[in-house]
Each structure stands twice: as C-alpha cells, then as structure tokens.
Amino acid sequence: MTSKPSVFVSRVIPDAGLSLLRENFDVTVWPHDRPPTRQELTACCQGKDALVCLLTEKVDAELLAAAPAVKIVANVAVGFDNLDVAAGTRAGVVMSNTPGVLDETTADLAFALLMASARRVVEADRLVRTGTWAGWGIMQYLGHDIHHATLGIVGLGRIGKAVARRAAGFAMNVLYADAAPAGEDVEKELRARFVPLKDLLRESDFVSLHVPLMEQTHHLIDASALKLMKKSAHLINTSRGPVVDEKALVDALNSGTIAGAGLDVYENEPMISSELLALPNVVLLPHIASASHATRGKMSEVAARNVIAFFNGGPLPTPLNPEAFKVRSAVS
Ligand code: DGY
C-alpha cells in the first residue's frame with residue numbers, strides 16, 4: 001500500500017476543510033493560536049508534500065527551496081500577496097487561493113465599516129459604556145448620511161460588485177475606478193459609473209477599496225490622493241493595508257483632510273501605530289472581513305479541494321499558476 005501524501009496545515013482551520021484533508025492525507029496541524037515563525041514554518045514543511053497556509057505565512061523562493069518536497073501551496077484566503085507565485089512557478093510548485101466564496105461576507109463588513117464610520121457608531125458606544133452620557137442632545141454625534149450619498153468603489157471585482165449591490169438599497173450614487181471599464185451590462189445592473197480615480201476621490205462621500213495588493217496598488221491612497229477627497233468623506237479599507245499610506249492617513253484624519261475611516265487591514269499587521277489607535281474618527285477592526293462561520297468554512301473547503309485535486313492529477317478548482325503543472329512534469 002502506498003502511503004498518503006503528507007500535508008502541513010499552518011493553523012487550525014474550520015472543520016469543513018480540515019476533515020476533508022484528514023480523510024485524504026496524512027495531516028499535521030500547527031497547534032498554536034499564533035502563526036508559526038519563519039523558522040518554525042520551514043521546519044514544519046520538511047518532508048511535507050503540501051502546505052495549506054494562511055495569509056500570515058510568507059511563501060517565497062527561499063521557503064520553497066528549504067522545503068523541496070512541497071508540491072502545492074493552498075492559501076486559505078483570496079488575497080495572495082503573501083505568496084510569491086512566480087517563484088512557485090519557477091520551482092514547479094502549484095499554488096491556489098479561495099476566490100468567489102467570501103465576496104458577500106466581505107462586502108457585508110465593508111458596509112458595516114462604512115455605516116459605523118459615517119454614523120460614529122463606535123465613538124457613541126464608547127460614550128455610553130463610560131457611563132458619562134448625560135442624555136439626548138441635539139448636537140450629539142452628528143455624522144454623515146449614507147442614503148443618497150456618493151460611493152466610490154476602487155476596484156470593481158467580485159467584492160466591489162457585491163458592495164455596489166448593497167449601495168442600491170441605500171439609493172446611493174455609485175462611481176467606480178478600475179484598470180478598465182466593466183461592460184455596459186454590469187454598469188447597468190449595478191447602476192455604477194466608471195470614472196478616473198482622481199474624479200472618484202473628488203466626488204465621493206465614501207471611498208471603499210477593493211483592489212488586490214500589487215506593485216501598482218501599493219500606497220495607491222497616499223497623501224495626494226487623500227487631499228483630493230472631500231473633507232466630509234470617509235475611507236473604507238477591507239483590501240490590504242499597504243494599499244493605503246497609513247502615515248498619510250493618520251495625518252489626514254488628524255488635520256480634517258477627511259472626516260473618518262473604517263479599517264479592517266493595516267500596513268504592518270498586527271502592529272497598529274499608536275497615532276492611529278489614538279484617533280477618535282477611525283473604526284479599527286482586526287482583519288475580519290471574511291470572518292463568518294459559513295464563509296471561513298467554505299474558504300477552508302476550497303483550499304482542501306485544491307490539494308485533493310492536485311494529488312488526483314488536477315485540474316485545480318482555483319489555481320493561481322496552472323502553468324506550474326507543466327514545469328513540474330518537465331522537471332520530474
Ligand atoms: C482574504 O481572503 O484575502 C482576506 O483578507 C481574509 O479573508
């Protein structure tokens with residue numbers, strides 16, 4: 001009897017995926033409630049055929065060279081800036097992510113941040129909890145209306161579209177910026193208008209970011225972009241922290257360049273600058289946009305199905321570098 005392929009899973013993931021992996025493979029799970037360090041990850045991958053990892057694990061040429069038995073890396077996330085896909089392809093290591101299953105859940109949270117920031121929900125909650133609320137006041141916690149406001153969506157991919165659909169319920173005017181306009185049918189369905197990013201920043205009351213982190217999107221929202229925004233505008237980020245220049249955002253929130261922000265992601269997670277923590281006009285969440293029971297279950301299942309498909313000879317449901325298969329067969 002041939003032995004089952006061995007899989008290292010870098011954290012306890014929801015059972016929907018973990019039980020599938022356990023049914024098919026010889027599985028080792030990182031037992032701690034923290035990411036493995038680089039050294040620990042390298043050690044744990046020794047002799048493993050597959051790695052199932054989270055966005056907290058950096059998988060690059062160095063790691064792949066140090067763990068040469070690894071043939072597939074399945075990221076339990078849609079964002080894959082933690083993976084060096086080109087290095088994977090060169091080494092013939094197949095990589096996958098989890099697109100399509102977290103769009104609605106992420107859009108829900110983007111909207112939750114938008115509403116919390118606009119209506120100062122967290123600030124007001126803090127007042128009530130301190131026991132210092134002295135009663136109703138006509139000037140208390142004035143915020144910004146969401147209904148009939150203009151929402152600017154930066155990146156009209158699957159998640160951006162799900163956000164646009166929610167905006168319709170609030171009778172919002174929707175603008176979007178992207179590398180290219182979406183088709184007429186999409187624009188009609190979402191009642192969204194394509195504009196250059198600068199116009200979107202100037203005209204929007206809410207700017208919500210839905211681009212992947214790449215060289216071209218690093219600090220896409222910097223000091224000059226923030227200056228273009230309305231003083232009454234709010235910035236919402238559920239994409240990746242480095243899409244925003246965090247230092248410039250702190251300055252903009254401090255100086256009144258913009259009114260508020262709702263953030264789920266940060267430049268140096270889990271480190272958050274003390275300046276950001278001290279600001280009253282920002283809502284801060286710990287990268288939980290996809291964190292519903294159902295969606296995290298689906299994400300772990302998609303990751304497991306990619307590994308299963310790989311060892312069954314492919315194709316993978318959601319590959320990032322299908323060409324790595326060819327590189328593999330050429331070297332093996
Ligand atoms: C992702 O999937 O990229 C999110 O950031 C975590 O769900």
# chains A, B, ... in the order shown; residues from 1 in each chain; ligands from 1
>>> residues_near_ligand(ligand="ligand 1", cutoff="10 Å", atoms="only C-alpha atoms and all ligand atoms", output="ChimeraX atom specification")
/A:54-56,75-82,97-103,105-106,212-213,238-241,264-265,287-292,295-296,299
>>> residues_around(residues="Ala118 (chain A)", least_positions_apart="6", cutoff="12 Å", atoms="only C-alpha atoms", output="PyMOL selection string")
chain A and resi 111-112+124+141-147+149+205-207+232-236+258-262+281-283
>>> closest_residue(among="A:Pro242, A:Gly256, A:Pro68, A:Pro280", to="Asp125 (chain A)", atoms="only C-alpha atoms")
A:Pro280
>>> select_by_dssp(residues="region 143-280 of chain A", states="helix (DSSP H, G or I)", output="PyMOL selection string")
chain A and resi 158-168+184-190+197-203+215-217+223-228+241-243+246-255+274-278
>>> closest_residue(among="A:Ser19, A:Lys231, A:Val7, A:Glu267", to="Ala252 (chain A)", atoms="only C-alpha atoms")
A:Lys231
>>> select_by_dssp(residues="region 117-286 of chain A", states="strand (DSSP E)", output="PyMOL selection string")
chain A and resi 150-154+173-177+192-194+206-209+234-237+260-263+282-284
>>> write_last_selection(atoms="N, CA, C and O atoms", output="short mmCIF file (atom, residue, chain, number, x, y, z; two decimals), in the first residue's frame")
data_model
loop_
_atom_site.label_atom_id
_atom_site.label_comp_id
_atom_site.auth_asym_id
_atom_site.auth_seq_id
_atom_site.Cartn_x
_atom_site.Cartn_y
_atom_site.Cartn_z
N THR A 150 -22.74 59.60 -2.36
CA THR A 150 -21.98 59.01 -3.47
C THR A 150 -20.92 58.06 -2.92
O THR A 150 -20.12 58.43 -2.06
N LEU A 151 -20.97 56.83 -3.43
CA LEU A 151 -20.00 55.81 -3.02
C LEU A 151 -19.02 55.59 -4.17
O LEU A 151 -19.44 55.31 -5.29
N GLY A 152 -17.75 55.69 -3.88
CA GLY A 152 -16.71 55.42 -4.88
C GLY A 152 -16.07 54.09 -4.58
O GLY A 152 -15.49 53.89 -3.51
N ILE A 153 -16.18 53.16 -5.53
CA ILE A 153 -15.61 51.83 -5.34
C ILE A 153 -14.32 51.74 -6.15
O ILE A 153 -14.34 51.90 -7.38
N VAL A 154 -13.23 51.50 -5.47
CA VAL A 154 -11.95 51.39 -6.17
C VAL A 154 -11.67 49.91 -6.37
O VAL A 154 -11.34 49.19 -5.42
N ASN A 173 -25.45 56.88 -5.05
CA ASN A 173 -24.94 57.10 -6.40
C ASN A 173 -23.58 56.39 -6.43
O ASN A 173 -22.73 56.65 -5.59
N VAL A 174 -23.40 55.44 -7.37
CA VAL A 174 -22.18 54.63 -7.32
C VAL A 174 -21.21 54.97 -8.47
O VAL A 174 -21.58 54.93 -9.64
N LEU A 175 -19.98 55.30 -8.10
CA LEU A 175 -18.90 55.52 -9.06
C LEU A 175 -17.90 54.39 -8.87
O LEU A 175 -17.81 53.83 -7.78
N TYR A 176 -17.17 54.06 -9.92
CA TYR A 176 -16.08 53.10 -9.70
C TYR A 176 -14.88 53.46 -10.56
O TYR A 176 -15.01 54.10 -11.62
N ALA A 177 -13.72 53.06 -10.06
CA ALA A 177 -12.48 53.24 -10.82
C ALA A 177 -11.83 51.87 -10.92
O ALA A 177 -11.90 51.08 -9.97
N ALA A 192 -23.69 51.76 -11.85
CA ALA A 192 -22.38 52.30 -11.46
C ALA A 192 -21.74 52.99 -12.66
O ALA A 192 -21.89 52.53 -13.79
N ARG A 193 -21.03 54.07 -12.40
CA ARG A 193 -20.42 54.85 -13.49
C ARG A 193 -18.90 54.82 -13.35
O ARG A 193 -18.36 55.07 -12.27
N PHE A 194 -18.23 54.48 -14.46
CA PHE A 194 -16.77 54.43 -14.49
C PHE A 194 -16.20 55.85 -14.55
O PHE A 194 -16.63 56.66 -15.37
N PHE A 206 -18.01 58.45 0.21
CA PHE A 206 -17.39 57.26 0.79
C PHE A 206 -16.52 56.63 -0.28
O PHE A 206 -16.98 56.46 -1.41
N VAL A 207 -15.30 56.28 0.08
CA VAL A 207 -14.41 55.61 -0.86
C VAL A 207 -14.10 54.24 -0.27
O VAL A 207 -13.60 54.14 0.86
N SER A 208 -14.44 53.18 -1.00
CA SER A 208 -14.21 51.84 -0.48
C SER A 208 -13.22 51.11 -1.39
O SER A 208 -13.40 51.05 -2.61
N LEU A 209 -12.18 50.54 -0.77
CA LEU A 209 -11.07 49.95 -1.55
C LEU A 209 -11.25 48.45 -1.72
O LEU A 209 -11.41 47.72 -0.74
N HIS A 234 -15.33 59.63 3.92
CA HIS A 234 -14.82 58.53 4.75
C HIS A 234 -14.12 57.52 3.83
O HIS A 234 -14.62 57.21 2.75
N LEU A 235 -13.01 56.99 4.32
CA LEU A 235 -12.26 55.97 3.57
C LEU A 235 -12.46 54.62 4.23
O LEU A 235 -12.29 54.49 5.45
N ILE A 236 -12.83 53.62 3.43
CA ILE A 236 -13.07 52.28 3.97
C ILE A 236 -12.07 51.32 3.32
O ILE A 236 -11.97 51.25 2.09
N ASN A 237 -11.34 50.58 4.15
CA ASN A 237 -10.37 49.63 3.58
C ASN A 237 -10.56 48.23 4.14
O ASN A 237 -10.29 47.97 5.31
N GLY A 260 -13.37 60.68 8.27
CA GLY A 260 -13.25 59.45 9.05
C GLY A 260 -12.78 58.29 8.19
O GLY A 260 -12.64 58.40 6.96
N ALA A 261 -12.53 57.17 8.86
CA ALA A 261 -12.10 55.98 8.13
C ALA A 261 -12.58 54.74 8.88
O ALA A 261 -12.78 54.77 10.10
N GLY A 262 -12.76 53.69 8.12
CA GLY A 262 -13.09 52.38 8.68
C GLY A 262 -12.09 51.39 8.12
O GLY A 262 -12.00 51.21 6.91
N LEU A 263 -11.29 50.81 8.99
CA LEU A 263 -10.19 49.95 8.53
C LEU A 263 -10.31 48.53 9.09
O LEU A 263 -10.54 48.35 10.28
N VAL A 282 -11.76 57.01 13.61
CA VAL A 282 -11.45 55.84 12.79
C VAL A 282 -11.96 54.59 13.51
O VAL A 282 -11.82 54.46 14.73
N VAL A 283 -12.61 53.73 12.75
CA VAL A 283 -13.09 52.46 13.30
C VAL A 283 -12.05 51.40 12.92
O VAL A 283 -11.68 51.28 11.75
N LEU A 284 -11.59 50.64 13.89
CA LEU A 284 -10.49 49.70 13.67
C LEU A 284 -10.94 48.27 13.95
O LEU A 284 -11.35 47.96 15.07
#
>>> residues_around(residues="region 306-315 of chain A", least_positions_apart="6", cutoff="12 Å", atoms="only C-alpha atoms", output="ChimeraX atom specification")
/A:4-9,17-18,20-25,27,49-53,70-76,93-99,299-300,321-326,328-329
>>> decode(residues="region 192-309 of chain A", atoms="C-alpha atoms", output="short mmCIF file (atom, residue, chain, number, x, y, z; two decimals), in the first residue's frame")
data_model
loop_
_atom_site.label_atom_id
_atom_site.label_comp_id
_atom_site.auth_asym_id
_atom_site.auth_seq_id
_atom_site.Cartn_x
_atom_site.Cartn_y
_atom_site.Cartn_z
CA ALA A 192 -22.38 52.30 -11.46
CA ARG A 193 -20.42 54.85 -13.49
CA PHE A 194 -16.77 54.43 -14.49
CA VAL A 195 -14.59 57.46 -13.68
CA PRO A 196 -10.85 58.09 -13.37
CA LEU A 197 -9.58 57.54 -9.81
CA LYS A 198 -8.93 61.25 -9.28
CA ASP A 199 -12.54 62.10 -10.14
CA LEU A 200 -13.79 59.31 -7.90
CA LEU A 201 -11.77 60.70 -4.99
CA ARG A 202 -13.03 64.23 -5.60
CA GLU A 203 -16.70 63.30 -5.96
CA SER A 204 -17.25 60.50 -3.42
CA ASP A 205 -18.65 60.77 0.09
CA PHE A 206 -17.39 57.26 0.79
CA VAL A 207 -14.41 55.61 -0.86
CA SER A 208 -14.21 51.84 -0.48
CA LEU A 209 -11.07 49.95 -1.55
CA HIS A 210 -11.34 46.57 -3.28
CA VAL A 211 -8.08 46.14 -5.17
CA PRO A 212 -5.51 43.40 -4.63
CA LEU A 213 -2.13 44.43 -3.22
CA MET A 214 0.38 44.60 -6.07
CA GLU A 215 3.23 46.89 -7.00
CA GLN A 216 0.76 49.17 -8.82
CA THR A 217 -1.62 49.42 -5.86
CA HIS A 218 0.96 49.87 -3.08
CA HIS A 219 0.13 53.26 -1.45
CA LEU A 220 -2.50 53.89 -4.12
CA ILE A 221 -4.11 56.07 -1.48
CA ASP A 222 -1.31 58.39 -0.42
CA ALA A 223 -1.22 61.97 0.86
CA SER A 224 -2.03 63.43 -2.55
CA ALA A 225 -4.96 61.05 -3.08
CA LEU A 226 -6.32 61.88 0.39
CA LYS A 227 -6.05 65.60 -0.38
CA LEU A 228 -8.38 65.13 -3.34
CA MET A 229 -11.11 63.69 -1.11
CA LYS A 230 -13.92 65.77 0.38
CA LYS A 231 -13.40 66.99 3.95
CA SER A 232 -16.64 65.17 4.81
CA ALA A 233 -15.55 61.89 3.15
CA HIS A 234 -14.82 58.53 4.75
CA LEU A 235 -12.26 55.97 3.57
CA ILE A 236 -13.07 52.28 3.97
CA ASN A 237 -10.37 49.63 3.58
CA THR A 238 -11.10 45.91 3.61
CA SER A 239 -8.49 45.06 0.94
CA ARG A 240 -4.89 45.11 2.14
CA GLY A 241 -3.22 47.59 4.48
CA PRO A 242 -0.36 48.70 2.24
CA VAL A 243 -2.84 49.95 -0.40
CA VAL A 244 -3.09 52.98 1.93
CA ASP A 245 -0.15 55.04 3.15
CA GLU A 246 -1.06 54.69 6.82
CA LYS A 247 1.09 57.62 7.98
CA ALA A 248 -0.59 59.88 5.41
CA LEU A 249 -4.00 58.61 6.54
CA VAL A 250 -3.23 59.44 10.18
CA ASP A 251 -2.24 62.98 9.11
CA ALA A 252 -5.41 63.32 7.01
CA LEU A 253 -7.64 62.17 9.88
CA ASN A 254 -5.82 64.41 12.35
CA SER A 255 -5.93 67.51 10.20
CA GLY A 256 -9.51 67.15 8.98
CA THR A 257 -8.47 66.48 5.39
CA ILE A 258 -11.09 63.70 5.52
CA ALA A 259 -13.79 63.06 8.13
CA GLY A 260 -13.25 59.45 9.05
CA ALA A 261 -12.10 55.98 8.13
CA GLY A 262 -13.09 52.38 8.68
CA LEU A 263 -10.19 49.95 8.53
CA ASP A 264 -10.03 46.18 8.65
CA VAL A 265 -6.44 45.94 7.41
CA TYR A 266 -3.13 47.65 8.25
CA GLU A 267 0.29 48.23 6.78
CA ASN A 268 2.15 46.14 9.35
CA GLU A 269 -0.37 43.71 10.81
CA PRO A 270 -0.80 43.05 13.65
CA MET A 271 1.12 46.23 14.59
CA ILE A 272 -1.01 49.35 14.56
CA SER A 273 0.58 52.74 15.12
CA SER A 274 -0.21 54.45 18.39
CA GLU A 275 -1.27 57.56 16.42
CA LEU A 276 -3.96 55.56 14.62
CA LEU A 277 -5.12 53.95 17.86
CA ALA A 278 -5.50 57.38 19.47
CA LEU A 279 -7.77 58.83 16.78
CA PRO A 280 -11.48 59.02 17.59
CA ASN A 281 -12.58 59.26 13.95
CA VAL A 282 -11.45 55.84 12.79
CA VAL A 283 -13.09 52.46 13.30
CA LEU A 284 -10.49 49.70 13.67
CA LEU A 285 -11.19 46.00 13.14
CA PRO A 286 -8.73 43.09 13.32
CA HIS A 287 -8.84 41.85 9.66
CA ILE A 288 -12.18 40.05 9.99
CA ALA A 289 -13.91 40.88 6.70
CA SER A 290 -14.45 37.23 5.75
CA ALA A 291 -14.98 36.03 9.31
CA SER A 292 -18.40 34.41 9.28
CA HIS A 293 -18.78 30.77 10.31
CA ALA A 294 -20.13 29.80 6.88
CA THR A 295 -17.56 31.69 4.82
CA ARG A 296 -14.48 30.63 6.74
CA GLY A 297 -15.81 27.06 6.41
CA LYS A 298 -16.11 27.48 2.63
CA MET A 299 -12.64 29.00 2.37
CA SER A 300 -11.06 26.06 4.17
CA GLU A 301 -13.04 23.64 1.99
CA VAL A 302 -11.87 25.32 -1.22
CA ALA A 303 -8.26 25.09 -0.02
CA ALA A 304 -8.70 21.39 0.80
CA ARG A 305 -10.34 20.70 -2.59
CA ASN A 306 -7.39 22.28 -4.36
CA VAL A 307 -4.98 19.94 -2.56
CA ILE A 308 -7.18 16.93 -3.28
CA ALA A 309 -7.46 17.86 -6.97
#
